[in-house]
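The next block is data_3.cif, given as mmCIF, C-alpha atoms.
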```cif
data_query
#
loop_
_atom_site.label_atom_id
_atom_site.label_comp_id
_atom_site.auth_asym_id
_atom_site.auth_seq_id
_atom_site.Cartn_x
_atom_site.Cartn_y
_atom_site.Cartn_z
CA MET M 1 13.50 11.76 11.14
CA ALA M 2 15.26 9.07 13.12
CA PHE M 3 15.43 5.38 12.45
CA ALA M 4 17.66 4.16 15.30
CA TRP M 5 14.72 2.12 16.63
CA LEU M 6 14.40 0.16 13.39
CA PRO M 7 16.88 -2.72 13.95
CA GLY M 8 15.24 -3.58 17.28
CA ALA M 9 11.78 -3.44 15.73
CA ALA M 10 12.44 -5.56 12.66
CA GLY M 11 11.32 -8.74 14.44
CA ASP M 12 7.97 -7.23 15.44
CA ILE M 13 7.37 -5.87 11.96
CA ALA M 14 8.22 -9.23 10.41
CA ARG M 15 5.90 -11.05 12.81
CA GLY M 16 3.09 -8.62 11.99
CA ALA M 17 3.69 -9.05 8.27
CA VAL M 18 3.51 -12.84 8.61
CA THR M 19 0.16 -12.54 10.39
CA THR M 20 -1.14 -10.24 7.64
CA ILE M 21 -0.01 -12.77 5.02
CA LEU M 22 -1.68 -15.64 6.88
CA LEU M 23 -4.92 -13.64 7.21
CA ILE M 24 -5.07 -12.90 3.50
CA ALA M 25 -4.10 -16.47 2.58
CA VAL M 26 -6.95 -17.97 4.60
CA THR M 27 -9.35 -15.27 3.39
CA THR M 28 -8.42 -15.87 -0.24
CA LEU M 29 -9.12 -19.60 -0.01
CA ALA M 30 -12.32 -19.29 2.04
CA GLY M 31 -13.55 -16.25 0.10
CA THR M 32 -13.00 -17.81 -3.31
CA PHE M 33 -14.70 -21.02 -2.24
CA LEU M 34 -17.65 -19.10 -0.79
CA SER M 35 -17.98 -16.96 -3.89
CA ILE M 36 -18.03 -20.02 -6.16
CA LEU M 37 -20.88 -21.43 -4.07
CA GLY M 38 -22.57 -18.04 -4.04
CA ALA M 39 -22.24 -17.45 -7.77
CA ALA M 40 -23.49 -20.95 -8.56
CA GLY M 41 -26.37 -20.55 -6.10
CA ARG M 42 -27.30 -17.22 -7.61
CA ARG M 43 -27.58 -18.81 -11.02
CA ASN M 44 -29.06 -22.22 -10.34
CA GLY M 45 -30.47 -22.13 -6.80
CA PRO M 46 -34.08 -21.79 -5.64
CA VAL M 47 -35.62 -18.31 -5.86
CA LEU M 48 -35.31 -17.61 -2.14
CA LEU M 49 -31.62 -18.45 -2.14
CA LYS M 50 -31.05 -16.29 -5.21
CA ARG M 51 -32.75 -13.37 -3.50
CA ALA M 52 -30.83 -13.91 -0.24
CA ILE M 53 -27.49 -13.94 -2.07
CA ALA M 54 -28.42 -10.79 -4.00
CA TRP M 55 -29.23 -8.99 -0.74
CA TYR M 56 -26.11 -10.24 0.95
CA VAL M 57 -24.02 -8.83 -1.88
CA GLU M 58 -25.78 -5.46 -1.73
CA VAL M 59 -25.52 -5.14 2.05
CA MET M 60 -21.82 -5.98 2.13
CA ARG M 61 -20.93 -3.77 -0.81
CA ASN M 62 -22.78 -0.75 0.54
CA THR M 63 -21.44 -0.71 4.11
CA PRO M 64 -17.87 -0.07 5.33
CA PHE M 65 -15.66 -3.04 6.15
CA LEU M 66 -14.82 -1.45 9.52
CA VAL M 67 -18.51 -1.43 10.51
CA GLN M 68 -18.91 -5.04 9.38
CA LEU M 69 -15.92 -5.97 11.51
CA PHE M 70 -17.28 -4.18 14.58
CA PHE M 71 -20.70 -5.73 14.03
CA ILE M 72 -19.22 -9.22 13.90
CA PHE M 73 -16.76 -8.77 16.77
CA PHE M 74 -18.82 -6.62 19.17
CA GLY M 75 -22.36 -7.24 17.95
CA LEU M 76 -22.57 -10.99 17.47
CA PRO M 77 -21.75 -11.87 21.13
CA SER M 78 -25.17 -10.49 22.09
CA LEU M 79 -26.62 -13.29 19.94
CA GLY M 80 -24.43 -15.73 21.86
CA ILE M 81 -21.80 -16.00 19.10
CA ARG M 82 -18.46 -15.07 20.65
CA LEU M 83 -15.44 -15.10 18.37
CA ASP M 84 -11.83 -14.43 19.23
CA PRO M 85 -10.28 -11.51 17.32
CA VAL M 86 -8.47 -13.61 14.72
CA LEU M 87 -11.58 -15.64 13.88
CA ALA M 88 -13.73 -12.51 13.77
CA ALA M 89 -11.20 -10.87 11.44
CA ILE M 90 -11.07 -13.88 9.11
CA LEU M 91 -14.87 -14.15 9.09
CA ALA M 92 -15.32 -10.44 8.36
CA MET M 93 -12.66 -10.45 5.63
CA THR M 94 -14.07 -13.59 4.02
CA LEU M 95 -17.65 -12.34 4.04
CA ASN M 96 -16.57 -8.95 2.70
CA MET M 97 -14.39 -10.35 -0.05
CA ALA M 98 -17.00 -12.89 -1.13
CA ALA M 99 -19.54 -10.11 -1.75
CA TYR M 100 -17.22 -8.68 -4.40
CA THR M 101 -15.94 -11.95 -5.80
CA ILE M 102 -19.44 -13.49 -6.14
CA GLU M 103 -20.10 -10.93 -8.86
CA ILE M 104 -16.69 -11.52 -10.41
CA VAL M 105 -17.05 -15.33 -10.43
CA GLY M 106 -20.61 -14.93 -11.71
CA ALA M 107 -19.39 -12.87 -14.64
CA GLY M 108 -16.87 -15.61 -15.38
CA LEU M 109 -19.56 -18.32 -15.32
CA ASP M 110 -21.66 -16.26 -17.72
CA ALA M 111 -18.69 -15.91 -20.05
CA VAL M 112 -18.40 -19.68 -20.61
CA PRO M 113 -20.40 -20.54 -23.75
CA PRO M 114 -23.44 -22.78 -23.05
CA GLY M 115 -22.15 -25.15 -25.71
CA GLN M 116 -19.46 -26.25 -23.22
CA THR M 117 -22.11 -27.45 -20.76
CA GLU M 118 -24.15 -29.08 -23.51
CA ALA M 119 -21.13 -30.89 -24.90
CA ALA M 120 -20.11 -32.14 -21.45
CA LEU M 121 -23.65 -33.35 -20.70
CA ALA M 122 -23.76 -35.07 -24.08
CA LEU M 123 -20.57 -36.89 -23.12
CA GLY M 124 -22.43 -38.30 -20.10
CA LEU M 125 -20.89 -36.19 -17.30
CA ARG M 126 -23.08 -35.54 -14.31
CA PRO M 127 -24.16 -31.88 -13.75
CA ARG M 128 -21.77 -31.49 -10.82
CA GLN M 129 -18.87 -32.84 -12.84
CA VAL M 130 -19.78 -30.48 -15.65
CA PHE M 131 -19.60 -27.54 -13.27
CA VAL M 132 -16.40 -28.52 -11.46
CA LYS M 133 -14.43 -29.92 -14.38
CA ILE M 134 -15.64 -27.99 -17.42
CA VAL M 135 -17.31 -24.69 -16.58
CA LEU M 136 -15.47 -23.57 -13.44
CA PRO M 137 -11.88 -23.86 -14.73
CA GLN M 138 -12.76 -21.84 -17.82
CA ALA M 139 -14.61 -19.24 -15.75
CA LEU M 140 -11.71 -18.87 -13.32
CA LYS M 141 -9.30 -18.33 -16.15
CA VAL M 142 -11.39 -15.47 -17.49
CA ILE M 143 -11.83 -13.71 -14.17
CA TYR M 144 -8.42 -14.40 -12.69
CA PRO M 145 -7.03 -10.86 -13.18
CA ALA M 146 -10.09 -9.30 -11.49
CA LEU M 147 -9.84 -11.84 -8.68
CA THR M 148 -6.17 -10.97 -8.20
CA SER M 149 -6.97 -7.26 -7.82
CA GLN M 150 -9.68 -8.03 -5.30
CA ILE M 151 -7.29 -10.13 -3.20
CA VAL M 152 -4.72 -7.32 -3.13
CA ILE M 153 -7.43 -4.79 -2.17
CA MET M 154 -8.53 -7.07 0.65
CA MET M 155 -4.96 -7.40 1.89
CA LEU M 156 -4.71 -3.62 2.11
CA GLU M 157 -8.09 -3.36 3.83
CA SER M 158 -7.01 -5.92 6.40
CA ALA M 159 -5.02 -3.11 8.10
CA VAL M 160 -8.31 -2.27 9.78
CA VAL M 161 -8.48 -5.50 11.79
CA SER M 162 -5.80 -4.00 14.07
CA GLN M 163 -8.77 -2.18 15.61
CA ILE M 164 -10.01 -5.38 17.23
CA ALA M 165 -6.49 -6.19 18.47
CA VAL M 166 -5.47 -8.77 15.89
CA ARG M 167 -1.70 -8.66 16.05
CA GLU M 168 -1.02 -8.03 12.35
CA LEU M 169 1.18 -5.49 10.69
CA THR M 170 -0.78 -2.35 11.57
CA TYR M 171 -1.23 -3.47 15.16
CA GLU M 172 2.52 -3.95 15.51
CA ALA M 173 3.01 -0.48 14.03
CA ASP M 174 0.62 1.00 16.60
CA MET M 175 2.52 -0.72 19.42
CA LEU M 176 5.91 0.34 18.04
CA GLN M 177 5.03 4.01 17.67
CA ALA M 178 3.66 4.05 21.21
CA ARG M 179 7.02 2.73 22.41
CA THR M 180 9.41 4.69 20.19
CA PHE M 181 7.48 7.99 19.98
CA ARG M 182 8.50 7.99 16.33
CA SER M 183 5.01 7.79 14.88
CA PHE M 184 5.69 9.14 11.41
CA GLU M 185 8.82 7.07 10.85
CA THR M 186 7.12 3.92 12.13
CA TYR M 187 4.10 4.30 9.86
CA LEU M 188 6.35 5.25 6.94
CA VAL M 189 8.34 2.04 7.30
CA VAL M 190 5.21 -0.06 7.71
CA THR M 191 3.55 1.63 4.72
CA LEU M 192 6.56 0.61 2.64
CA VAL M 193 6.27 -2.93 3.96
CA TYR M 194 2.63 -2.95 2.81
CA LEU M 195 3.69 -1.62 -0.59
CA VAL M 196 6.24 -4.41 -0.97
CA LEU M 197 3.68 -6.98 0.23
CA SER M 198 1.06 -5.84 -2.27
CA LEU M 199 3.54 -5.82 -5.16
CA ALA M 200 4.86 -9.25 -4.16
CA LEU M 201 1.36 -10.66 -3.70
CA ARG M 202 0.31 -9.47 -7.14
CA ARG M 203 3.46 -10.93 -8.71
CA LEU M 204 2.96 -14.23 -6.89
CA LEU M 205 -0.68 -14.50 -7.90
CA VAL M 206 0.06 -13.70 -11.55
CA THR M 207 2.91 -16.22 -11.90
CA GLY M 208 1.06 -18.81 -9.78
CA GLY M 209 -2.10 -18.34 -11.80
CA ARG M 210 -0.26 -18.71 -15.07
CA ARG M 211 1.19 -22.01 -13.87
CA VAL M 212 -2.09 -23.44 -12.55
CA LEU M 213 -4.63 -22.01 -14.98
CA GLY M 214 -2.39 -22.04 -18.02
CA ALA M 215 -1.24 -19.37 -20.45
CA GLY M 216 -3.30 -16.31 -21.22
CA VAL M 217 -3.57 -15.29 -17.57
CA SER M 218 -2.05 -11.87 -17.05
CA MET E 1 -24.75 5.69 33.34
CA ILE E 2 -26.70 7.89 30.94
CA GLU E 3 -29.92 6.41 29.64
CA PHE E 4 -30.19 6.33 25.86
CA THR E 5 -33.54 5.62 24.25
CA PHE E 6 -33.63 4.14 20.78
CA TRP E 7 -34.42 7.56 19.33
CA ASP E 8 -31.55 9.19 21.21
CA ILE E 9 -29.22 6.74 19.54
CA VAL E 10 -30.74 7.31 16.10
CA ARG E 11 -30.67 11.09 16.51
CA ASN E 12 -27.03 11.14 17.60
CA LEU E 13 -26.03 8.85 14.77
CA LEU E 14 -27.85 10.95 12.19
CA LEU E 15 -26.22 14.11 13.53
CA ALA E 16 -22.82 12.42 13.22
CA ALA E 17 -23.70 11.21 9.71
CA ARG E 18 -23.69 14.86 8.59
CA TRP E 19 -19.92 14.82 9.09
CA THR E 20 -19.60 11.63 7.09
CA VAL E 21 -21.50 13.27 4.22
CA LEU E 22 -19.52 16.50 4.46
CA LEU E 23 -16.20 14.66 4.56
CA SER E 24 -17.19 12.50 1.58
CA LEU E 25 -18.15 15.55 -0.46
CA ALA E 26 -15.04 17.51 0.50
CA ALA E 27 -12.79 14.57 -0.37
CA PHE E 28 -14.65 13.89 -3.63
CA VAL E 29 -14.40 17.51 -4.77
CA GLY E 30 -10.82 17.86 -3.54
CA GLY E 31 -9.90 14.50 -5.03
CA GLY E 32 -11.49 15.54 -8.32
CA VAL E 33 -9.41 18.73 -8.48
CA VAL E 34 -6.11 17.06 -7.53
CA GLY E 35 -7.06 14.06 -9.68
CA MET E 36 -7.34 16.36 -12.71
CA VAL E 37 -3.79 17.56 -12.10
CA VAL E 38 -2.56 13.96 -11.75
CA LEU E 39 -4.46 13.09 -14.94
CA PHE E 40 -2.69 15.88 -16.86
CA PHE E 41 0.64 14.45 -15.78
CA ARG E 42 -0.49 10.89 -16.46
CA ILE E 43 -1.45 11.51 -20.10
CA ALA E 44 1.23 14.09 -20.89
CA LYS E 45 3.59 13.59 -23.82
CA ASN E 46 6.65 13.75 -21.55
CA LYS E 47 7.73 10.26 -20.47
CA TRP E 48 8.96 11.37 -17.03
CA SER E 49 5.75 13.20 -16.29
CA ARG E 50 3.79 10.03 -17.06
CA ARG E 51 6.15 7.98 -14.92
CA VAL E 52 5.82 10.28 -11.91
CA ALA E 53 2.03 10.22 -12.18
CA SER E 54 1.97 6.40 -12.50
CA SER E 55 4.13 6.06 -9.39
CA TYR E 56 1.87 8.46 -7.49
CA ILE E 57 -1.16 6.35 -8.43
CA ALA E 58 0.60 3.06 -7.69
CA LEU E 59 1.70 4.36 -4.29
CA PHE E 60 -1.83 5.21 -3.21
CA GLN E 61 -3.35 2.08 -4.70
CA GLY E 62 -0.65 -0.17 -3.23
CA THR E 63 -0.81 0.93 0.41
CA PRO E 64 -3.64 0.82 2.96
CA LEU E 65 -5.71 3.99 3.30
CA LEU E 66 -5.33 3.67 7.06
CA MET E 67 -1.55 4.06 6.70
CA GLN E 68 -2.03 7.07 4.43
CA LEU E 69 -4.22 8.67 7.08
CA PHE E 70 -1.69 7.94 9.84
CA LEU E 71 1.10 9.45 7.74
CA MET E 72 -1.00 12.59 7.19
CA PHE E 73 -1.91 12.81 10.84
CA PHE E 74 1.61 12.34 12.19
CA GLY E 75 3.56 13.66 9.22
CA LEU E 76 2.08 17.12 8.69
CA PRO E 77 2.92 18.32 12.23
CA MET E 78 6.55 17.48 11.43
CA LEU E 79 6.37 20.03 8.63
CA GLY E 80 5.34 22.56 11.27
CA LEU E 81 1.64 22.47 10.41
CA ARG E 82 -0.77 22.22 13.30
CA ILE E 83 -3.11 19.49 12.30
CA GLU E 84 -6.44 18.30 13.58
CA PRO E 85 -8.28 15.11 12.72
CA TRP E 86 -10.57 16.99 10.31
CA THR E 87 -7.66 18.39 8.29
CA ALA E 88 -5.83 15.07 8.25
CA ALA E 89 -9.01 13.28 7.21
CA VAL E 90 -9.84 15.68 4.37
CA LEU E 91 -6.26 15.82 3.07
CA GLY E 92 -5.73 12.07 3.40
CA LEU E 93 -8.95 11.18 1.60
CA THR E 94 -8.35 13.88 -1.02
CA PHE E 95 -5.01 12.41 -2.05
CA PHE E 96 -6.44 8.89 -1.90
CA ALA E 97 -9.37 9.92 -4.12
CA SER E 98 -7.14 11.84 -6.54
CA ALA E 99 -5.13 8.73 -7.35
CA TYR E 100 -8.19 6.58 -8.00
CA LEU E 101 -10.08 9.25 -9.96
CA ALA E 102 -7.05 10.02 -12.11
CA GLU E 103 -6.72 6.31 -12.94
CA ILE E 104 -10.43 5.99 -13.74
CA TRP E 105 -10.40 9.00 -16.05
CA ARG E 106 -7.12 7.90 -17.62
CA SER E 107 -8.84 4.68 -18.64
CA GLY E 108 -11.48 6.85 -20.31
CA VAL E 109 -8.85 8.84 -22.20
CA ASP E 110 -7.15 5.61 -23.30
CA ALA E 111 -10.44 4.17 -24.51
CA LEU E 112 -10.90 6.97 -27.04
CA PRO E 113 -9.76 6.18 -30.57
CA ARG E 114 -6.52 7.82 -31.70
CA GLY E 115 -8.53 9.53 -34.43
CA GLN E 116 -10.12 11.89 -31.91
CA TRP E 117 -6.71 13.44 -31.21
CA ASP E 118 -5.85 13.52 -34.91
CA ALA E 119 -9.18 15.12 -35.79
CA GLY E 120 -8.58 17.78 -33.14
CA ALA E 121 -5.10 18.46 -34.46
CA SER E 122 -6.29 18.66 -38.05
CA LEU E 123 -8.82 21.29 -37.00
CA GLY E 124 -5.87 23.36 -35.79
CA LEU E 125 -6.57 22.97 -32.07
CA HIS E 126 -3.58 23.07 -29.76
CA TYR E 127 -3.01 20.49 -27.01
CA LEU E 128 -5.04 22.15 -24.24
CA GLN E 129 -7.95 22.84 -26.58
CA GLU E 130 -7.92 19.25 -27.79
CA LEU E 131 -8.02 18.07 -24.19
CA SER E 132 -10.70 20.41 -22.93
CA LEU E 133 -12.95 20.40 -26.02
CA ILE E 134 -12.63 16.88 -27.38
CA ILE E 135 -10.85 14.37 -25.18
CA LEU E 136 -11.87 15.12 -21.60
CA PRO E 137 -15.63 15.60 -22.18
CA GLN E 138 -15.78 12.18 -23.84
CA ALA E 139 -13.47 10.56 -21.27
CA PHE E 140 -15.61 11.88 -18.39
CA SER E 141 -18.78 10.82 -20.08
CA ILE E 142 -17.73 7.19 -20.61
CA THR E 143 -16.29 6.86 -17.09
CA ARG E 144 -19.32 8.24 -15.27
CA ALA E 145 -20.31 4.82 -13.89
CA PRO E 146 -16.93 3.97 -12.30
CA THR E 147 -16.68 7.54 -10.99
CA VAL E 148 -19.97 7.19 -9.13
CA GLY E 149 -18.84 3.72 -8.05
CA PHE E 150 -15.73 5.25 -6.57
CA LEU E 151 -17.83 7.82 -4.68
CA VAL E 152 -19.49 4.87 -2.93
CA GLN E 153 -16.06 3.50 -2.04
CA LEU E 154 -15.04 6.94 -0.76
CA ILE E 155 -18.12 7.26 1.47
CA LYS E 156 -17.32 3.86 2.99
CA SER E 157 -13.66 4.85 3.38
CA THR E 158 -14.58 7.81 5.59
CA ALA E 159 -15.20 5.20 8.31
CA LEU E 160 -11.42 4.86 8.68
CA THR E 161 -11.05 8.49 9.75
CA SER E 162 -12.67 7.48 13.04
CA ILE E 163 -9.37 5.76 13.84
CA ILE E 164 -7.38 9.02 13.63
CA GLY E 165 -9.99 10.66 15.85
CA PHE E 166 -12.36 12.38 13.45
CA GLU E 167 -15.86 12.54 14.93
CA GLU E 168 -17.91 11.00 12.15
CA LEU E 169 -20.49 8.25 12.15
CA VAL E 170 -18.31 5.35 13.29
CA ARG E 171 -16.49 7.25 16.04
CA THR E 172 -19.78 8.49 17.43
CA SER E 173 -21.17 4.97 17.31
CA ASN E 174 -18.16 3.71 19.29
CA ALA E 175 -18.88 6.31 21.96
CA ILE E 176 -22.60 5.47 22.06
CA ASN E 177 -21.77 1.78 22.23
CA ASN E 178 -19.46 2.39 25.18
CA ALA E 179 -22.33 4.10 26.99
CA THR E 180 -25.19 1.76 26.08
CA PHE E 181 -23.48 -1.65 25.68
CA GLU E 182 -25.77 -2.41 22.77
CA PRO E 183 -23.30 -3.09 19.97
CA PHE E 184 -25.73 -5.17 17.92
CA LYS E 185 -28.22 -2.32 17.72
CA VAL E 186 -25.69 0.51 17.41
CA TYR E 187 -23.49 -1.02 14.69
CA GLY E 188 -26.58 -2.38 12.94
CA LEU E 189 -27.95 1.15 12.74
CA VAL E 190 -24.62 2.52 11.54
CA ALA E 191 -24.54 -0.10 8.80
CA LEU E 192 -28.11 0.85 7.87
CA ILE E 193 -27.24 4.56 7.63
CA PHE E 194 -24.25 3.80 5.40
CA PHE E 195 -26.44 1.51 3.31
CA VAL E 196 -29.04 4.25 2.83
CA MET E 197 -26.31 6.62 1.67
CA CYS E 198 -24.52 4.17 -0.63
CA PHE E 199 -27.21 1.95 -2.12
CA PRO E 200 -28.93 4.62 -4.27
CA LEU E 201 -25.52 5.64 -5.64
CA THR E 202 -24.68 2.00 -6.38
CA GLN E 203 -27.97 1.64 -8.25
CA TYR E 204 -27.29 4.89 -10.11
CA ALA E 205 -23.83 3.64 -11.11
CA ARG E 206 -25.41 0.41 -12.31
CA SER E 207 -28.01 2.22 -14.42
CA LEU E 208 -25.25 4.36 -15.96
CA GLU E 209 -23.37 1.20 -16.76
CA ARG E 210 -26.42 -0.34 -18.41
CA ARG E 211 -27.00 2.81 -20.43
CA ALA E 212 -23.38 2.76 -21.54
CA ALA E 213 -23.66 -0.87 -22.61
CA HIS E 214 -26.48 -0.12 -25.05
#
```
Show this structure as structure tokens.
Amino acid sequence: MAFAWLPGAAGDIARGAVTTILLIAVTTLAGTFLSILGAAGRRNGPVLLKRAIAWYVEVMRNTPFLVQLFFIFFGLPSLGIRLDPVLAAILAMTLNMAAYTIEIVGAGLDAVPPGQTEAALALGLRPRQVFVKIVLPQALKVIYPALTSQIVIMMLESAVVSQIAVRELTYEADMLQARTFRSFETYLVVTLVYLVLSLALRRLLVTGGRRVLGAGVS
Amino acid sequence: MIEFTFWDIVRNLLLAARWTVLLSLAAFVGGGVVGMVVLFFRIAKNKWSRRVASSYIALFQGTPLLMQLFLMFFGLPMLGLRIEPWTAAVLGLTFFASAYLAEIWRSGVDALPRGQWDAGASLGLHYLQELSLIILPQAFSITRAPTVGFLVQLIKSTALTSIIGFEELVRTSNAINNATFEPFKVYGLVALIFFVMCFPLTQYARSLERRAAH
């Protein structure tokens, strides 16, 4: 094994890592928002919407992320929807993550006792206020650990978006190994970078969650 | 350019899907066997044994599967082994599966009351007998739903082996797409084939979960 190439490659690896972090940051925000809408729609929406959300969840959960990505990036242009690689990657990641987190958020909503809603309504809050201010914060607190795991899983899965030439960490690794002819060493280093990223992301989410959502979040 | 009719595409995809199924089964069985070994280490009395097994699991759960496959594909030749995509794919997915299965089963072992071990010991069973006669059967039985759930994840994960050059469903679909320029149809069909493979298993896992809840 030889690592003489490493000092010269550190910049590329760092740039790739930053892109990976940005991708997962945007996906986390968009995915969580979408799954809150989805979970609420699945509980309180009209029948057709409920059914559509249920099917969406099943389709996304029972097909590979790579195929979803290819379908969005290569398939959608034939419907006239052309996305650049970064947008396609973010869309695919968000839609994929939401399919898992809709169920998670839903479980959290179910875990909030109905008495909370009744009490809030009795205090004169409007239904939307009840959801946003009373039910949702409690639900998020319950499901936060599961949500954290899902975000880390998505970060690891995002390695695949290198296949549509998004210049994230794996893409930089592919380019580096083509240049250095040190494939194993390159992927070893980048794998370790991913390991550090996933550990750091989990740590960040746990401490951040504890601060925002209060104690009891682990 | 070669003309592909709709049925040509479907036939080629279904032929390729055989490799997806075979790879999933091989990795599931292989992962089960290696996972058992990891499980033994993970629940052993020796602290260092447990620590090694936890690190093994954390390593596979904390890095992308794609990187694991690349390391297999490029790493094994450095050990002097001639390696083809099929070998790299099976080995890579086997180790990946072993870590997840060991962790799933470990949760089953942990869920059993302490009294099960004590009862086994008071009957005069030694450690291996306790494990094989009392602990593991119950641990497997209560973790059947997540085990099937993981099989679904494994089937979907085989898609990544297309990237290291294994000719399964997704790699074949890329080739067909390059010839037909009909990505919407081709990837739609691929998604459908995966769905047909995974959905019944997902439903089965769900029914197991419901049965366990009652």
(request) Starting from the shown file, work through the PyMOL selection byres ((chain E) within 7 of (chain M)) and note down what comes out as a PyMOL selection string. (result) chain E and resi 62-64+66-67+70-71+74-75+156-157+159+183-184+187-188+191+194-195+198-199
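A straight line drawn from CA of Ala98 in chain M to CA of Leu93 in chain E is 25.5 Å long.
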(request) In the coordinate frame of the file, compute which residues have an atom within 10 Å of (-9.2, 16.7, -11.4) when using all atoms listed in the file, and state them as a ChimeraX atom specification. (result) /E:28-40,97-99,101-102,105
(request) Select, counting only C-alpha atoms, all protein, DNA and RNA residues no farther than 10 Å from (-11.5, 7.2, 11.4) in file coordinates, and express the selection as an NGL selection string. (result) (:M and (66)) or (:E and (66 or 69-70 or 85-86 or 89 or 157-171))
(request) Would you mind reading off the distance between CA of Gln61 in chain E and CA of Tyr100 in chain E, one decimal, in Å? (result)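 Between CA of Gln61 in chain E and CA of Tyr100 in chain E the gap works out to 7.4 Å.
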The PyMOL selection byres ((chain M and resi 3-5) around 10) - which residues does that actually catch in the file I just gave you? List them as a JSON list (two decimals) with C-alpha atoms, keeping the file's coordinate frame.
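Result went into out.json, see below:
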```json
[["chain", "number", "residue", "atom", "x", "y", "z"],
["M", 1, "MET", "CA", 13.50, 11.76, 11.14],
["M", 2, "ALA", "CA", 15.26, 9.07, 13.12],
["M", 6, "LEU", "CA", 14.40, 0.16, 13.39],
["M", 7, "PRO", "CA", 16.88, -2.72, 13.95],
["M", 8, "GLY", "CA", 15.24, -3.58, 17.28],
["M", 9, "ALA", "CA", 11.78, -3.44, 15.73],
["M", 10, "ALA", "CA", 12.44, -5.56, 12.66],
["M", 176, "LEU", "CA", 5.91, 0.34, 18.04],
["M", 177, "GLN", "CA", 5.03, 4.01, 17.67],
["M", 179, "ARG", "CA", 7.02, 2.73, 22.41],
["M", 180, "THR", "CA", 9.41, 4.69, 20.19],
["M", 181, "PHE", "CA", 7.48, 7.99, 19.98],
["M", 182, "ARG", "CA", 8.50, 7.99, 16.33],
["M", 185, "GLU", "CA", 8.82, 7.07, 10.85],
["M", 186, "THR", "CA", 7.12, 3.92, 12.13],
["M", 189, "VAL", "CA", 8.34, 2.04, 7.30]]
```
(request) Figure out the distance between CA of Val196 in chain E and CA of Val105 in chain M, please, to one decimal in Å. (result) 26.5 Å
(message) Since I can't run it myself right now, could you work out what the PyMOL selection byres ((chain E and resi 14-20) around 7) selects here and report it as a PyMOL selection string?
(response) chain E and resi 10-13+21-24+158+168-169+172
(message) Applying 12 Å and all atoms listed in the file, which residues near Tyr144 in chain M remain after dropping the ones on its own chain fewer than 5 positions away? List them as a PyMOL selection string.
(response) chain M and resi 32+101+104-105+107-108+136-139+149-151+202+205-210+212-218
(request) Go through M:Leu169, M:Ile36, M:Leu87, M:Ile102 one by one, measure the shortest atom-to-atom distance of each to Ala54 in chain M using only C-alpha atoms, and give the residue with the smallest value. (result)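 Of the candidates, the smallest distance to Ala54 in chain M is held by M:Ile102.
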Box in all listed atoms of range 162-167 of chain M, axis-aligned, with 4 Å more on each side; write out centre and edge lengths in Å to one decimal as AutoDock Vina command-line options.
```
--center_x -5.9 --center_y -5.5 --center_z 16.3 --size_x 16.3 --size_y 14.6 --size_z 12.4
```
Proximity of range 70-114 of chain E to range 119-139 of chain E: per-residue shortest pair, 10 Å limit, all atoms listed in the file, as CSV:
```
residue,atom,partner,partner_atom,distance
E:Ile104,CA,E:Ala139,CA,9.3
E:Trp105,CA,E:Ala139,CA,6.3
E:Arg106,CA,E:Ala139,CA,7.8
E:Ser107,CA,E:Ala139,CA,7.9
E:Gly108,CA,E:Ala139,CA,4.3
E:Val109,CA,E:Ala139,CA,5.0
E:Asp110,CA,E:Ala139,CA,8.3
E:Ala111,CA,E:Ala139,CA,7.8
E:Leu112,CA,E:Ala139,CA,7.3
E:Pro113,CA,E:Ile135,CA,9.9
E:Arg114,CA,E:Ala119,CA,8.8
```
